[in-house]
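Step one of this worksheet: look at the structure below.
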Amino acid sequence: MVNLHYSGSFNLTKPPQEVNGALSNLSLVIKCIPNVVSYELINDSKAKVKFRVDLGDEVPIAELRRITSDTVIEVTEVSSNEIKLRVSGRAAGSSIEVMLSIVTEPSGSGSRVNWSADASLGRLLQMMSRFINVDSMVERIANDTINGIVKCLS
Amino acid sequence: MTSFNPDVVVIGGGINGLFTTLDLSLRGFRVMLLERNVIGSGTSGRMHGLLHSGARYVVTDPKAAVECAEENKIIASIAPHAVEDTGGYYVAVDKDDEEYREQFIKGLRAANINYREVEPKDALKEEPNLNPEVKAVVEVPDKVVFAKDLMFSVAVSAYREGALIIQGAEVMGFNVNGDVIDEVVVKDHVTGDVRRVKPRVVVVAAGPWTYKVVRMARIEVDMMPTMGVMVVYQHRLTRRVINRMRMPSDGDILLPYASSSIVGTTAVIVDDPDNLTISDDDVNFLTSEGSRMVPVLSSIGVVRAYASVRPLIKMPGVNTREAARDFAIIRHDKPSNLVSVIGGKFTTGRLVGEKLSDEVSILLGSSRRSVTRSHPLFGVNLYDDLRELDNSLRNLALDFKGSIDEERGRVAALTLLTSEVIRNSRRVVGWS
């Protein structure tokens, strides 16, 4: 497995308690993920989600540039200021797993959200790294996803 | 041992190899095509049936779009018997699709592809099975191509120009003398013998298996096979090809193919092009995506699913990105009489043949140009022209004409003819 690590932060105008409450509400978070094809809530903390991932035009095969990933998203930990989510499933025939940690802290009248993600790509998806820069591709996808969530919560 | 010394050996009996064989034969070269299995048994015989109008690539790959648009017209002109002029609709079924519409139209204009914006209510009259919630519709000149009919027609046409078409002939190695391939070593799967052929030039057009062949000539390649799944449904649900109006992605096309419908396609990275597994998830996903365009699909029976492999190959002398967007012809430094092709689409097979043959002509010191763009293929008047067949086979084929099965008999007659061409080719070369 290839392990990739990314992190970042963003500000929201809403207070930490409200942001944390929204982020731990899986049915709300799913609707904020860009390009969701379909989803099914298994329970309050677990859902099956299919979403289209834009791998970008640098991927040489046209049909591989936008692929549909089949995942299970699970809220694994919730505390007063931190939420952990695990995204696991398959994309382009290869396994993927992303562990996402989100820490919310007060910032002025709003919140500052610090996130970090550890992504593991399966063997087959690793093959793509011989043809394109997988690291920057996954980083862009992580940023797009986080931006989608920020836009949704703003 | 054969006394037939071809100018060119073409390795691979898919659309690229067949059109290369025809093109070179029409330029006056002696050509032998070697196929390890049977004609069209690889990726070419497992495509989805679309003769691209080019519309799918106008935003992401404008060069490929222009090439497809031109080849669409050429193939329909030289092989009308293998093409159904269905036309195609691009349909927007959600807000994201609608947002793509503007750049799509701009791309169609830039690529000079004929298109017509159709009112959704008018489109629904033409295609009653279309999603009634469709938000925008653009008509383009997509067509359906019958893959085996076209490939067999090219094979017979090439044979009539003097080419030999050999099936069951797997290349096992090359004997290289200095910088030149001196001899191609072939395992004859029909007789079990090992054969040797001494061409002046070797062309590799083996699709996803190209990496295996060129490695025998000590050319380093890197490969990522990607499987595309297609699902066949019981009924023909539309008159036209129906495409999702969005960037190229998985599950974005439904084709009417004779009396069936085909939905494609997925993109799954695999280890080995010879080992493909189709999962229920693939079938369910394509049914789900297809039913966004044609809802009744979800209640129609699945007949079967099949898969083909698109190769992504990294090889010295070619830009991977350019090759996969379109196709790339590589004239290798060592061995200097080896030419190969990577990438390409079924729609551009004739163009690949022309460009490969241009490179071969340079190597062989000829200035003769390609004529395949205006050369009608065998099969246009199929029943009037079955002279390669012996009497009993000819009578069998001719009996389709005027019968209830005349249209279905076309592929049967072409199969019989191709079989005779292959048998005769083996006789000529002494491999019977």
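If you're wondering about the labels, chains in the structure tokens are A, B, ... by order shown, residues count from 1 in each chain, ligands from 1 in order shown.
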
Once you count only C-alpha atoms, what closest atom pair and distance in Å to one decimal does each residue of chain A within 6 Å of chain B have, with rows by chain and rising residue number, as a Markdown table?
| residue | atom | partner | partner_atom | distance |
| --- | --- | --- | --- | --- |
| A:Pro60 | CA | B:Arg321 | CA | 4.7 |
| A:Ile61 | CA | B:Ala324 | CA | 5.6 |
| A:Glu63 | CA | B:Ser249 | CA | 5.2 |
| A:Leu64 | CA | B:Ala267 | CA | 5.6 |
| A:Arg66 | CA | B:Ser249 | CA | 4.9 |
| A:Ala92 | CA | B:Val268 | CA | 4.2 |
| A:Gly93 | CA | B:Val268 | CA | 4.7 |

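The shell of residues at most 6 Å from segment 110-127 of chain B, with only C-alpha atoms counted and near chain neighbours (fewer than 3 positions) removed, consists of Val66, Gly107, Leu130, Ala136, Val137, Val138, Glu139 and Val140 of chain B.
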
DSSP on the backbone: which residues in segment 52-145 of chain A end up as helix (DSSP H, G or I)? Give the answer as a ChimeraX atom specification. /A:62-65,123-130,134-145

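The closest residue to Ile141 of chain A, picked from A:Val87, A:Val75, A:Leu55, A:Ile42 and counting only C-alpha atoms, is A:Leu55.
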
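Closest approach to Lys334 of chain B among B:Thr86, B:Asn177, B:Asn381, B:Asn395: B:Asn177, based on only C-alpha atoms.
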
Considering only C-alpha atoms, return as a PyMOL selection string whatever protein or nucleic-acid residues lie within 6 Å of Ser116 of chain A, sequence-local ones (same chain, fewer than 6 positions apart) excluded. chain A and resi 6-7+100-101

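Minimum atom-to-atom distances from A:Ser9, A:Arg140, A:Val29, A:Asn35 to Asp94 of chain B were compared using only C-alpha atoms, and the lowest value belongs to A:Asn35.
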
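Among the candidates A:Gly21, A:Pro16, A:Gly56, A:Pro34, the residue lying nearest to Gly110 of chain A is A:Pro16 (atoms considered: only C-alpha atoms).
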
I'd like to know which residues of segment 69-265 of chain B are strand (DSSP E) (by DSSP, run on the backbone); could you write them as a VMD selection string? chain B and resid 83 to 84 88 to 92 116 to 118 136 to 140 143 to 145 164 to 166 169 to 177 180 to 188 194 to 197 201 to 204 222 to 233 241 to 244 253 to 257 260 to 264

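Using only C-alpha atoms for every distance, the candidate list A:Met127, A:Ala91, A:Leu85, A:Ile30 yields A:Ile30 as the residue closest to Gly148 of chain A.
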
For a quick check of understanding, using only C-alpha atoms, which of A:Met128, A:Glu139, A:Ser111, A:Lys151 has the smallest distance to Thr13 of chain A? A:Ser111

For atom CA of Thr415 of chain B and atom CA of Val9 of chain B, quote the distance in Å rounded to one decimal. 23.1 Å

Using only C-alpha atoms, which residues sit within 10 Å of Ser370 of chain B once same-chain residues fewer than 4 positions away are excluded, as a CSV table (one decimal) with N, CA and C atoms, in the first residue's frame?
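As written to disk, part17.csv reads:
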chain,number,residue,atom,x,y,z
B,22,LEU,N,-4.0,-4.1,-45.1
B,22,LEU,CA,-4.7,-3.7,-46.3
B,22,LEU,C,-3.9,-2.5,-47.0
B,23,ASP,N,-3.6,-1.6,-46.1
B,23,ASP,CA,-2.9,-0.4,-46.7
B,23,ASP,C,-1.6,-0.7,-47.4
B,24,LEU,N,-0.8,-1.5,-46.7
B,24,LEU,CA,0.5,-1.9,-47.3
B,24,LEU,C,0.3,-2.8,-48.6
B,25,SER,N,-0.7,-3.6,-48.6
B,25,SER,CA,-1.0,-4.5,-49.8
B,25,SER,C,-1.4,-3.6,-50.9
B,26,LEU,N,-2.2,-2.6,-50.7
B,26,LEU,CA,-2.6,-1.7,-51.7
B,26,LEU,C,-1.4,-0.8,-52.3
B,27,ARG,N,-0.4,-0.7,-51.5
B,27,ARG,CA,0.8,0.0,-51.9
B,27,ARG,C,1.8,-0.9,-52.7
B,351,LEU,N,-7.0,5.0,-39.9
B,351,LEU,CA,-6.0,6.0,-39.9
B,351,LEU,C,-4.7,5.5,-39.3
B,353,GLY,N,-3.7,2.5,-39.6
B,353,GLY,CA,-3.1,1.7,-40.7
B,353,GLY,C,-2.4,2.5,-41.7
B,354,GLU,N,-2.9,3.7,-42.0
B,354,GLU,CA,-2.3,4.6,-42.9
B,354,GLU,C,-1.0,5.1,-42.4
B,355,LYS,N,-1.0,5.6,-41.1
B,355,LYS,CA,0.2,6.2,-40.5
B,355,LYS,C,1.3,5.1,-40.3
B,357,SER,N,1.7,2.5,-42.1
B,357,SER,CA,2.1,2.1,-43.5
B,357,SER,C,3.0,3.2,-44.1
B,358,ASP,N,2.8,4.5,-43.7
B,358,ASP,CA,3.7,5.6,-44.1
B,358,ASP,C,5.1,5.3,-43.6
B,361,SER,N,6.7,2.4,-45.4
B,361,SER,CA,7.0,2.8,-46.7
B,361,SER,C,8.4,3.5,-46.7
B,374,SER,N,-10.4,5.9,-49.7
B,374,SER,CA,-11.4,5.9,-50.8
B,374,SER,C,-11.5,4.5,-51.4
B,375,HIS,N,-11.0,3.5,-50.7
B,375,HIS,CA,-11.1,2.1,-51.3
B,375,HIS,C,-12.2,1.3,-50.7

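Around Thr76 of chain A, within 12 Å and counting only C-alpha atoms, the residues found are Ser24, Leu26, Asp44, Ser45, Lys46, Val72, Glu82, Ile83, Lys84, Leu85, Arg86, Val87, Met99, Leu100, Ser101 and Ile102 of chain A, once anything fewer than 4 positions away on its own chain is removed.
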
Counting only C-alpha atoms, what is within 7 Å of Ser69 of chain A, bar same-chain residues fewer than 5 positions away, as a ChimeraX atom specification? /A:50-53,90-91

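Put simply, atom CA of Ala413 of chain B is 16.3 Å away from atom CA of Arg160 of chain B.
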
Would you list the contacts of Val19 of chain A as an MDAnalysis selection string, taking every protein, DNA or RNA residue within 8 Å and counting only C-alpha atoms, but skipping same-chain residues closer than 3 positions in sequence? chainID A and resid 14:16 22:23 104 111 153

By how many Å are atom CA of Gly45 of chain B and atom CA of Arg215 of chain B apart? 24.6 Å
